[in-house]
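What's in start.tsv: TSV, C-alpha atoms
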chain	number	residue	atom	x	y	z
Q	1	MET	CA	-13.50	9.69	3.00
Q	2	ALA	CA	-16.16	12.27	3.00
Q	3	THR	CA	-16.48	13.76	6.44
Q	4	ASP	CA	-15.36	17.15	7.65
Q	5	ALA	CA	-13.22	16.38	10.67
Q	6	SER	CA	-10.75	19.23	10.29
Q	7	PRO	CA	-9.90	21.45	13.26
Q	8	LYS	CA	-11.69	24.70	13.85
Q	9	PHE	CA	-11.30	27.46	11.26
Q	10	ARG	CA	-8.92	30.18	12.32
Q	11	HIS	CA	-9.87	33.56	10.83
Q	12	PRO	CA	-6.86	35.50	9.50
Q	13	GLU	CA	-7.76	38.50	11.69
Q	14	LEU	CA	-7.29	36.33	14.81
Q	15	LEU	CA	-3.80	35.24	13.83
Q	16	PRO	CA	-0.83	37.12	15.27
Q	17	ALA	CA	0.58	39.65	12.84
Q	18	ALA	CA	3.85	38.69	11.21
Q	19	THR	CA	6.40	41.39	10.72
Q	20	ALA	CA	8.37	39.62	8.02
Q	21	ALA	CA	6.38	36.75	6.53
Q	22	SER	CA	8.34	34.39	4.36
Q	23	SER	CA	7.06	32.97	1.07
Q	24	GLU	CA	6.43	29.67	2.89
Q	25	ASP	CA	4.34	31.44	5.52
Q	26	LEU	CA	2.15	32.95	2.81
Q	27	GLN	CA	1.33	29.45	1.56
Q	28	LEU	CA	0.02	28.27	4.93
Q	29	SER	CA	-3.70	27.45	5.02
Q	30	HIS	CA	-6.19	28.04	7.82
Q	31	ASP	CA	-4.82	24.96	9.60
Q	32	GLY	CA	-1.26	26.19	9.36
Q	33	LEU	CA	-0.23	23.53	6.81
Q	34	LEU	CA	1.40	23.79	3.41
Q	35	PHE	CA	-0.11	22.29	0.27
Q	36	TRP	CA	2.43	19.45	0.11
Q	37	GLN	CA	1.79	18.63	3.79
Q	38	TYR	CA	-1.92	18.12	3.07
Q	39	MET	CA	-0.95	15.83	0.20
Q	40	ILE	CA	1.38	13.71	2.34
Q	41	ALA	CA	-1.15	13.50	5.19
Q	42	GLY	CA	-3.87	12.45	2.75
Q	43	SER	CA	-1.62	9.93	1.03
Q	44	ILE	CA	-0.70	8.28	4.35
Q	45	ALA	CA	-4.36	8.17	5.38
Q	46	GLY	CA	-5.39	6.55	2.11
Q	47	LEU	CA	-2.67	3.91	2.19
Q	48	VAL	CA	-3.40	2.96	5.81
Q	49	GLU	CA	-7.16	2.79	5.18
Q	50	HIS	CA	-7.03	0.66	2.04
Q	51	THR	CA	-4.25	-1.62	3.24
Q	52	ALA	CA	-6.11	-2.38	6.46
Q	53	MET	CA	-9.40	-3.10	4.69
Q	54	PHE	CA	-8.09	-4.68	1.47
Q	55	PRO	CA	-9.20	-8.28	2.24
Q	56	VAL	CA	-12.79	-7.08	2.65
Q	57	ASP	CA	-12.53	-5.22	-0.65
Q	58	THR	CA	-11.37	-8.41	-2.37
Q	59	LEU	CA	-14.44	-10.29	-1.12
Q	60	LYS	CA	-16.70	-7.47	-2.31
Q	61	THR	CA	-15.16	-7.57	-5.79
Q	62	ARG	CA	-15.57	-11.36	-6.03
Q	63	MET	CA	-19.24	-11.07	-5.06
Q	64	GLN	CA	-20.04	-8.17	-7.39
Q	65	ALA	CA	-18.14	-9.11	-10.55
Q	66	GLY	CA	-21.02	-11.16	-11.93
Q	67	SER	CA	-22.48	-14.62	-11.70
Q	68	LEU	CA	-21.19	-17.25	-14.10
Q	69	PRO	CA	-23.21	-20.35	-15.11
Q	70	CYS	CA	-20.78	-22.61	-13.25
Q	71	HIS	CA	-20.30	-20.21	-10.33
Q	72	PRO	CA	-23.55	-19.16	-8.64
Q	73	PRO	CA	-23.46	-15.92	-6.60
Q	74	LEU	CA	-21.46	-16.33	-3.41
Q	75	GLY	CA	-22.39	-15.10	0.04
Q	76	LEU	CA	-19.81	-13.36	2.21
Q	77	ARG	CA	-18.83	-16.47	4.20
Q	78	HIS	CA	-18.70	-18.66	1.09
Q	79	ALA	CA	-16.56	-16.10	-0.73
Q	80	LEU	CA	-14.10	-15.97	2.17
Q	81	ALA	CA	-13.98	-19.77	2.45
Q	82	SER	CA	-13.44	-20.11	-1.30
Q	83	VAL	CA	-10.47	-17.71	-1.33
Q	84	LEU	CA	-8.84	-19.32	1.69
Q	85	ARG	CA	-9.37	-22.85	0.37
Q	86	HIS	CA	-8.09	-22.29	-3.17
Q	87	GLU	CA	-5.60	-19.45	-2.81
Q	88	GLY	CA	-4.73	-19.16	0.86
Q	89	ALA	CA	-4.63	-15.96	2.91
Q	90	LEU	CA	-2.44	-14.23	0.31
Q	91	GLY	CA	-5.31	-14.49	-2.15
Q	92	LEU	CA	-7.09	-11.81	-0.15
Q	93	TYR	CA	-4.26	-9.40	-0.96
Q	94	ARG	CA	-3.98	-10.00	-4.71
Q	95	GLY	CA	-3.94	-6.57	-6.39
Q	96	ILE	CA	-2.75	-4.66	-3.34
Q	97	GLY	CA	0.15	-3.24	-5.37
Q	98	ALA	CA	-2.27	-1.52	-7.75
Q	99	MET	CA	-4.17	-0.18	-4.77
Q	100	GLY	CA	-0.99	1.34	-3.34
Q	101	LEU	CA	-0.15	3.01	-6.65
Q	102	GLY	CA	-3.64	4.48	-6.90
Q	103	ALA	CA	-4.90	5.14	-3.37
Q	104	GLY	CA	-1.88	7.10	-2.15
Q	105	PRO	CA	-1.87	9.74	-4.93
Q	106	ALA	CA	-5.70	9.81	-5.10
Q	107	HIS	CA	-6.07	10.54	-1.38
Q	108	ALA	CA	-3.30	13.14	-1.61
Q	109	VAL	CA	-5.29	14.89	-4.33
Q	110	TYR	CA	-8.58	14.46	-2.46
Q	111	PHE	CA	-7.53	15.97	0.86
Q	112	SER	CA	-5.44	18.79	-0.61
Q	113	VAL	CA	-8.19	19.84	-3.06
Q	114	TYR	CA	-10.81	19.53	-0.30
Q	115	GLU	CA	-8.90	21.64	2.21
Q	116	PHE	CA	-8.02	24.44	-0.21
Q	117	ALA	CA	-11.44	24.47	-1.89
Q	118	LYS	CA	-13.07	24.66	1.53
Q	119	GLN	CA	-10.81	27.54	2.51
Q	120	ALA	CA	-11.58	29.41	-0.73
Q	121	LEU	CA	-15.34	28.81	-0.69
Q	122	SER	CA	-15.94	29.27	3.05
Q	123	LYS	CA	-14.62	32.86	3.06
Q	124	ASN	CA	-15.89	34.38	6.33
Q	125	ASN	CA	-18.31	31.56	7.15
Q	126	PRO	CA	-16.35	28.45	8.21
Q	127	ASN	CA	-19.59	26.53	8.98
Q	128	ASN	CA	-21.04	26.97	5.47
Q	129	PRO	CA	-22.45	23.52	4.55
Q	130	PHE	CA	-22.61	24.44	0.85
Q	131	ALA	CA	-18.89	25.17	0.85
Q	132	HIS	CA	-18.17	21.81	2.49
Q	133	ALA	CA	-20.39	19.92	0.04
Q	134	ALA	CA	-18.99	21.75	-3.01
Q	135	SER	CA	-15.45	21.14	-1.80
Q	136	GLY	CA	-16.21	17.45	-1.38
Q	137	VAL	CA	-17.56	17.23	-4.93
Q	138	LEU	CA	-14.51	18.98	-6.39
Q	139	ALA	CA	-12.20	16.73	-4.40
Q	140	THR	CA	-14.10	13.61	-5.49
Q	141	VAL	CA	-14.01	14.48	-9.20
Q	142	ALA	CA	-10.27	15.18	-9.03
Q	143	SER	CA	-9.31	12.14	-6.93
Q	144	ASP	CA	-11.47	9.72	-8.94
Q	145	ALA	CA	-9.65	10.78	-12.11
Q	146	VAL	CA	-6.41	9.66	-10.44
Q	147	LEU	CA	-7.75	6.49	-8.80
Q	148	THR	CA	-9.98	4.97	-11.51
Q	149	PRO	CA	-7.25	3.50	-13.78
Q	150	MET	CA	-5.48	1.72	-10.91
Q	151	ASP	CA	-8.83	0.72	-9.39
Q	152	THR	CA	-9.64	-1.02	-12.68
Q	153	VAL	CA	-6.31	-2.89	-12.53
Q	154	LYS	CA	-6.87	-3.77	-8.87
Q	155	GLN	CA	-10.32	-5.22	-9.47
Q	156	ARG	CA	-9.16	-7.33	-12.42
Q	157	LEU	CA	-6.33	-8.74	-10.32
Q	158	GLN	CA	-8.74	-9.54	-7.48
Q	159	LEU	CA	-10.89	-11.82	-9.64
Q	160	GLU	CA	-10.72	-15.55	-9.15
Q	161	SER	CA	-8.39	-17.13	-11.75
Q	162	SER	CA	-7.31	-13.68	-12.94
Q	163	PRO	CA	-5.32	-14.05	-16.19
Q	164	TYR	CA	-2.89	-11.28	-15.26
Q	165	ARG	CA	0.47	-11.97	-13.62
Q	166	GLY	CA	0.69	-8.62	-11.88
Q	167	VAL	CA	0.13	-4.88	-12.13
Q	168	GLY	CA	2.53	-4.31	-15.02
Q	169	ASP	CA	1.20	-7.23	-17.02
Q	170	CYS	CA	-2.38	-6.09	-16.52
Q	171	VAL	CA	-1.62	-2.52	-17.59
Q	172	ARG	CA	0.23	-3.63	-20.72
Q	173	ARG	CA	-2.43	-6.14	-21.81
Q	174	VAL	CA	-5.36	-3.79	-21.21
Q	175	MET	CA	-3.57	-1.04	-23.17
Q	176	ARG	CA	-2.81	-3.42	-26.04
Q	177	GLU	CA	-6.13	-5.26	-26.17
Q	178	GLU	CA	-8.68	-2.63	-25.09
Q	179	GLY	CA	-6.98	0.77	-25.24
Q	180	VAL	CA	-6.70	3.62	-22.74
Q	181	ARG	CA	-10.49	4.07	-22.59
Q	182	ALA	CA	-10.83	0.76	-20.75
Q	183	PHE	CA	-9.12	2.28	-17.71
Q	184	TYR	CA	-11.80	4.99	-17.54
Q	185	ALA	CA	-14.85	2.91	-18.54
Q	186	SER	CA	-16.25	3.29	-15.01
Q	187	TYR	CA	-15.16	6.89	-14.31
Q	188	ARG	CA	-18.59	8.42	-14.91
Q	189	THR	CA	-20.26	5.77	-12.78
Q	190	THR	CA	-17.67	6.30	-10.04
Q	191	VAL	CA	-18.30	10.06	-9.91
Q	192	VAL	CA	-22.09	9.59	-10.02
Q	193	MET	CA	-21.82	7.00	-7.22
Q	194	ASN	CA	-19.62	9.18	-5.02
Q	195	ALA	CA	-21.93	12.20	-5.24
Q	196	PRO	CA	-24.79	10.61	-3.24
Q	197	PHE	CA	-22.22	8.73	-1.16
Q	198	THR	CA	-20.67	12.05	-0.10
Q	199	ALA	CA	-24.08	13.62	0.58
Q	200	VAL	CA	-25.31	10.72	2.74
Q	201	HIS	CA	-21.94	10.49	4.48
Q	202	PHE	CA	-21.89	14.19	5.41
Q	203	ALA	CA	-25.50	14.25	6.61
Q	204	THR	CA	-25.16	11.06	8.69
Q	205	TYR	CA	-21.82	12.07	10.14
Q	206	GLU	CA	-23.09	15.44	11.38
Q	207	ALA	CA	-26.35	13.94	12.72
Q	208	VAL	CA	-24.58	11.16	14.66
Q	209	LYS	CA	-21.98	13.58	15.99
Q	210	ARG	CA	-24.67	15.96	17.26
Q	211	ALA	CA	-26.55	13.05	18.85
Q	212	LEU	CA	-23.41	11.84	20.64
Q	213	MET	CA	-22.71	15.32	21.93
Q	214	GLU	CA	-26.28	15.64	23.24
Q	215	VAL	CA	-26.00	12.31	25.07
Q	216	SER	CA	-22.79	13.31	26.80
Q	217	PRO	CA	-22.05	17.00	26.21
Q	218	ASP	CA	-19.29	17.11	28.82
Q	219	SER	CA	-17.15	14.32	27.37
Q	220	ALA	CA	-18.07	14.46	23.67
Q	221	SER	CA	-16.46	17.38	21.89
Q	222	ASP	CA	-15.75	18.11	18.23
Q	223	GLU	CA	-12.15	17.02	18.67
Q	224	THR	CA	-12.76	13.73	20.49
Q	225	LEU	CA	-11.42	10.76	18.54
Q	226	VAL	CA	-14.22	8.47	19.76
Q	227	VAL	CA	-16.85	10.86	18.41
Q	228	HIS	CA	-15.12	11.10	15.02
Q	229	ALA	CA	-14.68	7.32	14.80
Q	230	THR	CA	-18.26	6.47	15.82
Q	231	ALA	CA	-19.89	9.09	13.62
Q	232	GLY	CA	-17.61	8.22	10.71
Q	233	ALA	CA	-18.36	4.51	11.02
Q	234	ALA	CA	-22.11	5.07	11.02
Q	235	ALA	CA	-21.86	7.48	8.08
Q	236	GLY	CA	-19.63	5.13	6.10
Q	237	ALA	CA	-21.88	2.13	6.62
Q	238	LEU	CA	-25.11	3.91	5.62
Q	239	ALA	CA	-23.59	5.67	2.61
Q	240	ALA	CA	-22.08	2.39	1.43
Q	241	ALA	CA	-25.41	0.53	1.64
Q	242	VAL	CA	-27.32	3.26	-0.23
Q	243	THR	CA	-24.84	3.41	-3.12
Q	244	THR	CA	-24.21	-0.35	-3.52
Q	245	PRO	CA	-26.15	-0.66	-6.85
Q	246	LEU	CA	-23.86	1.92	-8.46
Q	247	ASP	CA	-20.83	0.15	-7.02
Q	248	VAL	CA	-22.02	-3.11	-8.62
Q	249	VAL	CA	-22.25	-1.30	-11.98
Q	250	LYS	CA	-18.75	0.13	-11.49
Q	251	THR	CA	-17.24	-3.26	-10.67
Q	252	GLN	CA	-18.86	-4.98	-13.65
Q	253	LEU	CA	-17.69	-2.21	-16.01
Q	254	GLN	CA	-14.14	-2.57	-14.74
Q	255	CYS	CA	-14.10	-6.37	-14.92
Q	256	GLN	CA	-16.04	-6.88	-18.16
Q	257	GLY	CA	-14.65	-9.53	-20.44
Q	258	VAL	CA	-12.29	-10.94	-17.78
Q	259	CYS	CA	-12.68	-14.41	-16.21
Q	260	GLY	CA	-16.00	-14.94	-17.98
Q	261	CYS	CA	-17.59	-11.68	-16.82
Q	262	ASP	CA	-20.10	-10.21	-19.28
Q	263	ARG	CA	-18.89	-7.58	-21.75
Q	264	PHE	CA	-21.20	-4.60	-22.28
Q	265	SER	CA	-21.76	-2.61	-25.45
Q	266	THR	CA	-22.46	0.55	-23.49
Q	267	SER	CA	-21.24	2.30	-20.36
Q	268	SER	CA	-24.65	3.89	-19.70
Q	269	ILE	CA	-25.44	3.53	-16.00
Q	270	TRP	CA	-29.17	3.00	-16.49
Q	271	ASP	CA	-28.68	0.51	-19.32
Q	272	LEU	CA	-26.37	-1.55	-17.13
Q	273	ILE	CA	-28.74	-1.38	-14.17
Q	274	ARG	CA	-31.54	-2.74	-16.38
Q	275	THR	CA	-29.24	-5.45	-17.75
Q	276	ILE	CA	-28.18	-6.58	-14.27
Q	277	ARG	CA	-31.78	-6.50	-13.03
Q	278	ARG	CA	-32.97	-8.66	-15.94
Q	279	ARG	CA	-30.08	-11.12	-15.51
Q	280	ASP	CA	-29.81	-11.37	-11.71
Q	281	GLY	CA	-32.95	-9.69	-10.36
Q	282	TYR	CA	-32.98	-6.83	-7.88
Q	283	THR	CA	-30.76	-8.81	-5.51
Q	284	GLY	CA	-28.03	-8.64	-8.15
Q	285	LEU	CA	-27.89	-4.87	-7.69
Q	286	MET	CA	-27.23	-5.30	-3.96
Q	287	ARG	CA	-24.58	-7.98	-4.33
Q	288	GLY	CA	-21.66	-7.30	-2.01
Q	289	TRP	CA	-23.49	-4.86	0.27
Q	290	LYS	CA	-22.29	-6.61	3.42
Q	291	PRO	CA	-18.55	-6.44	2.68
Q	292	ARG	CA	-19.04	-2.92	1.29
Q	293	MET	CA	-20.53	-1.80	4.62
Q	294	LEU	CA	-17.87	-3.74	6.53
Q	295	PHE	CA	-15.27	-1.90	4.47
Q	296	HIS	CA	-16.55	1.67	4.72
Q	297	ALA	CA	-17.60	1.68	8.37
Q	298	PRO	CA	-14.10	1.19	9.84
Q	299	ALA	CA	-12.39	2.71	6.78
Q	300	ALA	CA	-13.82	6.16	7.49
Q	301	ALA	CA	-12.63	6.02	11.09
Q	302	ILE	CA	-9.18	4.73	10.08
Q	303	CYS	CA	-8.76	7.26	7.28
Q	304	TRP	CA	-9.77	10.36	9.21
Q	305	SER	CA	-7.94	9.35	12.38
Q	306	THR	CA	-4.73	8.81	10.39
Q	307	TYR	CA	-5.24	12.03	8.46
Q	308	GLU	CA	-5.76	14.10	11.61
Q	309	ALA	CA	-2.75	12.48	13.28
Q	310	SER	CA	-0.60	13.30	10.24
Q	311	LYS	CA	-1.88	16.88	10.21
Q	312	SER	CA	-1.08	17.26	13.91
Q	313	PHE	CA	2.48	16.09	13.23
Q	314	PHE	CA	2.96	18.70	10.51
Q	315	GLN	CA	1.38	21.41	12.67
Q	316	ARG	CA	3.85	20.66	15.46
Q	317	LEU	CA	6.67	20.62	12.90
Q	318	ASN	CA	5.64	24.00	11.53
Q	319	ASN	CA	5.32	25.47	15.03
Q	320	THR	CA	8.83	24.25	15.81
Q	321	LYS	CA	10.21	25.89	12.66
Q	322	ASN	CA	8.22	29.10	13.16
Q	323	PRO	CA	7.66	29.57	16.92
Q	324	SER	CA	5.31	32.42	17.78

Write-out of the structure in structure tokens:
Amino acid sequence: MATDASPKFRHPELLPAATAASSEDLQLSHDGLLFWQYMIAGSIAGLVEHTAMFPVDTLKTRMQAGSLPCHPPLGLRHALASVLRHEGALGLYRGIGAMGLGAGPAHAVYFSVYEFAKQALSKNNPNNPFAHAASGVLATVASDAVLTPMDTVKQRLQLESSPYRGVGDCVRRVMREEGVRAFYASYRTTVVMNAPFTAVHFATYEAVKRALMEVSPDSASDETLVVHATAGAAAGALAAAVTTPLDVVKTQLQCQGVCGCDRFSTSSIWDLIRTIRRRDGYTGLMRGWKPRMLFHAPAAAICWSTYEASKSFFQRLNNTKNPS
């Protein structure tokens, strides 16, 4: 969710002059969309992405949550076989309700903050990489604040033999037994994880896109869906692999004390990394890297393709309402 696939920047001086601009017109961004339209487009993109890839996310959570004495660490195939054997196919979708409650609003916040921050910071230089990176950071901090509580609920529901009956039951019991802070125990780790994730994602995306355009400059343009999908997949996979240790820390913070998972006395990232390394070795810090890569590679392509399609719909709608 960290690539800049928006259409070309349209400088205000190049836009046709309006003789009587309405208040709605004044709210239009460089893409010709309103703030609420960015939010809806982002929300749709987030829901489609996470719903499509949710089974893979469940396997990742099972692998990362921690090894119990009676349950040695599972590989990807063993984790999938275990879920299907004991819970059936529906077991792969346990917690999807929490995901829907969190991912939709979080992606709405992410894309709207990103678009408007990019517009404000870019000023007269639409290709300013600093503006894109800073906008991504601002969007990440804001969206993670929205997503983290429901992500905690989702991960606890995804655990094998989860003690919670559903989203509402999990929220009530965590509030009563652990307090509000439990929902944000992993927030700092999530933000720290997403910073390098965003940086690697941006750099890889732009590099792969340039390479594809050099291979076939006639057929590969900035607006070609295949280019966006291929570059996004490569960027998502690499960024996911690089940041897996921090994702392991995040998962164990969110699931601590549930289903036999260890409870930690601190939320310090480095303390937890040392604890996991001593307990499980360095391989423990990379647990779940395969499903994490399998999740983020297609997820980036799905998310941005859906987002751009939603934006195109709103652009056509706005052009119909305000023909030039």

What's around region 252-262 of chain Q at 10 Å? Count all atoms listed in the file, leave out sequence neighbours fewer than 3 positions away in its own chain, and write the answer as a tab-separated table (two decimals) with C-alpha atoms, in the frame of the given file.
chain	number	residue	atom	x	y	z
Q	61	THR	CA	-15.16	-7.57	-5.79
Q	64	GLN	CA	-20.04	-8.17	-7.39
Q	65	ALA	CA	-18.14	-9.11	-10.55
Q	66	GLY	CA	-21.02	-11.16	-11.93
Q	67	SER	CA	-22.48	-14.62	-11.70
Q	68	LEU	CA	-21.19	-17.25	-14.10
Q	69	PRO	CA	-23.21	-20.35	-15.11
Q	148	THR	CA	-9.98	4.97	-11.51
Q	149	PRO	CA	-7.25	3.50	-13.78
Q	151	ASP	CA	-8.83	0.72	-9.39
Q	152	THR	CA	-9.64	-1.02	-12.68
Q	153	VAL	CA	-6.31	-2.89	-12.53
Q	154	LYS	CA	-6.87	-3.77	-8.87
Q	155	GLN	CA	-10.32	-5.22	-9.47
Q	156	ARG	CA	-9.16	-7.33	-12.42
Q	157	LEU	CA	-6.33	-8.74	-10.32
Q	158	GLN	CA	-8.74	-9.54	-7.48
Q	159	LEU	CA	-10.89	-11.82	-9.64
Q	160	GLU	CA	-10.72	-15.55	-9.15
Q	161	SER	CA	-8.39	-17.13	-11.75
Q	162	SER	CA	-7.31	-13.68	-12.94
Q	163	PRO	CA	-5.32	-14.05	-16.19
Q	164	TYR	CA	-2.89	-11.28	-15.26
Q	182	ALA	CA	-10.83	0.76	-20.75
Q	183	PHE	CA	-9.12	2.28	-17.71
Q	184	TYR	CA	-11.80	4.99	-17.54
Q	185	ALA	CA	-14.85	2.91	-18.54
Q	186	SER	CA	-16.25	3.29	-15.01
Q	187	TYR	CA	-15.16	6.89	-14.31
Q	189	THR	CA	-20.26	5.77	-12.78
Q	246	LEU	CA	-23.86	1.92	-8.46
Q	247	ASP	CA	-20.83	0.15	-7.02
Q	248	VAL	CA	-22.02	-3.11	-8.62
Q	249	VAL	CA	-22.25	-1.30	-11.98
Q	265	SER	CA	-21.76	-2.61	-25.45
Q	266	THR	CA	-22.46	0.55	-23.49
Q	267	SER	CA	-21.24	2.30	-20.36
Q	268	SER	CA	-24.65	3.89	-19.70
Q	269	ILE	CA	-25.44	3.53	-16.00
Q	272	LEU	CA	-26.37	-1.55	-17.13
Q	276	ILE	CA	-28.18	-6.58	-14.27

(request) Name all residues at most 6 Å from region 132-139 of chain Q (count all atoms listed in the file; drop same-chain ones fewer than 5 positions away) and give them as an MDAnalysis selection string. (result) chainID Q and resid 110 113:114 117:118

(request) Would you mind telling me which residue in Q:Leu285, Q:Ala233, Q:Met39, Q:Ala108 lies nearest to Trp270 (chain Q) when using only C-alpha atoms? (result)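 Of the candidates, the smallest distance to Trp270 (chain Q) is held by Q:Leu285.
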
(message) Excluding Val208 (chain Q) and its own-chain neighbours fewer than 3 positions away, which residues fall within 10 Å of it when counting all atoms listed in the file? Please give them as JSON, numbers by chain.
(response) {"Q": [203, 204, 205, 211, 212, 213, 214, 227, 228, 230, 231, 232, 233, 234, 235]}

(request) Within 12 Å of Lys311 (chain Q), counting all atoms listed in the file, which residues show up once you throw out same-chain ones fewer than 6 positions away? Write them as number ranges by chain, please. (result) Q: 5-7, 29, 31-45, 111-112, 115, 304-305, 317-318

Include C-alpha atoms and write out the residues we just selected as a PDB file, in the coordinates of the input.
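Once everything was written out, this is out.pdb:
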ATOM      1  CA  ALA Q   5     -13.220  16.380  10.670  1.00  0.00           C
ATOM      2  CA  SER Q   6     -10.750  19.230  10.290  1.00  0.00           C
ATOM      3  CA  PRO Q   7      -9.900  21.450  13.260  1.00  0.00           C
ATOM      4  CA  SER Q  29      -3.700  27.450   5.020  1.00  0.00           C
ATOM      5  CA  ASP Q  31      -4.820  24.960   9.600  1.00  0.00           C
ATOM      6  CA  GLY Q  32      -1.260  26.190   9.360  1.00  0.00           C
ATOM      7  CA  LEU Q  33      -0.230  23.530   6.810  1.00  0.00           C
ATOM      8  CA  LEU Q  34       1.400  23.790   3.410  1.00  0.00           C
ATOM      9  CA  PHE Q  35      -0.110  22.290   0.270  1.00  0.00           C
ATOM     10  CA  TRP Q  36       2.430  19.450   0.110  1.00  0.00           C
ATOM     11  CA  GLN Q  37       1.790  18.630   3.790  1.00  0.00           C
ATOM     12  CA  TYR Q  38      -1.920  18.120   3.070  1.00  0.00           C
ATOM     13  CA  MET Q  39      -0.950  15.830   0.200  1.00  0.00           C
ATOM     14  CA  ILE Q  40       1.380  13.710   2.340  1.00  0.00           C
ATOM     15  CA  ALA Q  41      -1.150  13.500   5.190  1.00  0.00           C
ATOM     16  CA  GLY Q  42      -3.870  12.450   2.750  1.00  0.00           C
ATOM     17  CA  SER Q  43      -1.620   9.930   1.030  1.00  0.00           C
ATOM     18  CA  ILE Q  44      -0.700   8.280   4.350  1.00  0.00           C
ATOM     19  CA  ALA Q  45      -4.360   8.170   5.380  1.00  0.00           C
ATOM     20  CA  PHE Q 111      -7.530  15.970   0.860  1.00  0.00           C
ATOM     21  CA  SER Q 112      -5.440  18.790  -0.610  1.00  0.00           C
ATOM     22  CA  GLU Q 115      -8.900  21.640   2.210  1.00  0.00           C
ATOM     23  CA  TRP Q 304      -9.770  10.360   9.210  1.00  0.00           C
ATOM     24  CA  SER Q 305      -7.940   9.350  12.380  1.00  0.00           C
ATOM     25  CA  LEU Q 317       6.670  20.620  12.900  1.00  0.00           C
ATOM     26  CA  ASN Q 318       5.640  24.000  11.530  1.00  0.00           C
TER      27      ASN Q 318
END

(message) Given all atoms listed in the file as the basis, pick out the residue of Q:Val226, Q:Val141, Q:Val56, Q:Leu121 nearest to Arg94 (chain Q).
(response)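 Using all atoms listed in the file, Arg94 (chain Q) sits closest to Q:Val56.
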
(request) Would you mind telling me which residue in Q:Val215, Q:Val242, Q:Ile96, Q:Leu59 lies nearest to Ala81 (chain Q) when using only C-alpha atoms? (result)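 Of Q:Val215, Q:Val242, Q:Ile96, Q:Leu59, the one nearest Ala81 (chain Q) is Q:Leu59, counting only C-alpha atoms.
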
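The space between CA of Thr190 (chain Q) and CA of Glu178 (chain Q) spans 19.7 Å.
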
(request) Identify which of the residues Q:Val191, Q:Met53, Q:Cys170, Q:Ala89 lies closest to Ala300 (chain Q), counting only C-alpha atoms when measuring atom-to-atom distances. (result)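 The closest residue to Ala300 (chain Q) is Q:Met53.
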
Missing atoms in region 134-138 of chain Q should be modelled up to all heavy atoms and reported as an mmCIF file, keeping the file's coordinate frame.
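Full text of selection32.cif as output:
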data_model
loop_
_atom_site.group_PDB
_atom_site.id
_atom_site.type_symbol
_atom_site.label_atom_id
_atom_site.label_comp_id
_atom_site.auth_asym_id
_atom_site.auth_seq_id
_atom_site.Cartn_x
_atom_site.Cartn_y
_atom_site.Cartn_z
ATOM 1 N N ALA Q 134 -19.617 21.427 -1.725
ATOM 2 C CA ALA Q 134 -18.990 21.750 -3.010
ATOM 3 C C ALA Q 134 -17.522 21.336 -3.016
ATOM 4 O O ALA Q 134 -17.005 20.827 -4.020
ATOM 5 C CB ALA Q 134 -19.124 23.242 -3.302
ATOM 6 N N SER Q 135 -16.852 21.538 -1.900
ATOM 7 C CA SER Q 135 -15.450 21.140 -1.800
ATOM 8 C C SER Q 135 -15.304 19.627 -1.910
ATOM 9 O O SER Q 135 -14.369 19.121 -2.542
ATOM 10 C CB SER Q 135 -14.864 21.614 -0.462
ATOM 11 O OG SER Q 135 -14.922 23.020 -0.355
ATOM 12 N N GLY Q 136 -16.233 18.908 -1.296
ATOM 13 C CA GLY Q 136 -16.210 17.450 -1.380
ATOM 14 C C GLY Q 136 -16.412 16.958 -2.799
ATOM 15 O O GLY Q 136 -15.758 16.017 -3.244
ATOM 16 N N VAL Q 137 -17.316 17.617 -3.537
ATOM 17 C CA VAL Q 137 -17.560 17.230 -4.930
ATOM 18 C C VAL Q 137 -16.319 17.484 -5.782
ATOM 19 O O VAL Q 137 -15.905 16.630 -6.575
ATOM 20 C CB VAL Q 137 -18.768 18.004 -5.498
ATOM 21 C CG1 VAL Q 137 -18.881 17.781 -7.006
ATOM 22 C CG2 VAL Q 137 -20.053 17.572 -4.814
ATOM 23 N N LEU Q 138 -15.722 18.660 -5.641
ATOM 24 C CA LEU Q 138 -14.510 18.980 -6.390
ATOM 25 C C LEU Q 138 -13.392 17.986 -6.081
ATOM 26 O O LEU Q 138 -12.681 17.525 -6.980
ATOM 27 C CB LEU Q 138 -14.051 20.408 -6.075
ATOM 28 C CG LEU Q 138 -14.955 21.536 -6.575
ATOM 29 C CD1 LEU Q 138 -14.460 22.883 -6.044
ATOM 30 C CD2 LEU Q 138 -14.990 21.554 -8.101
#
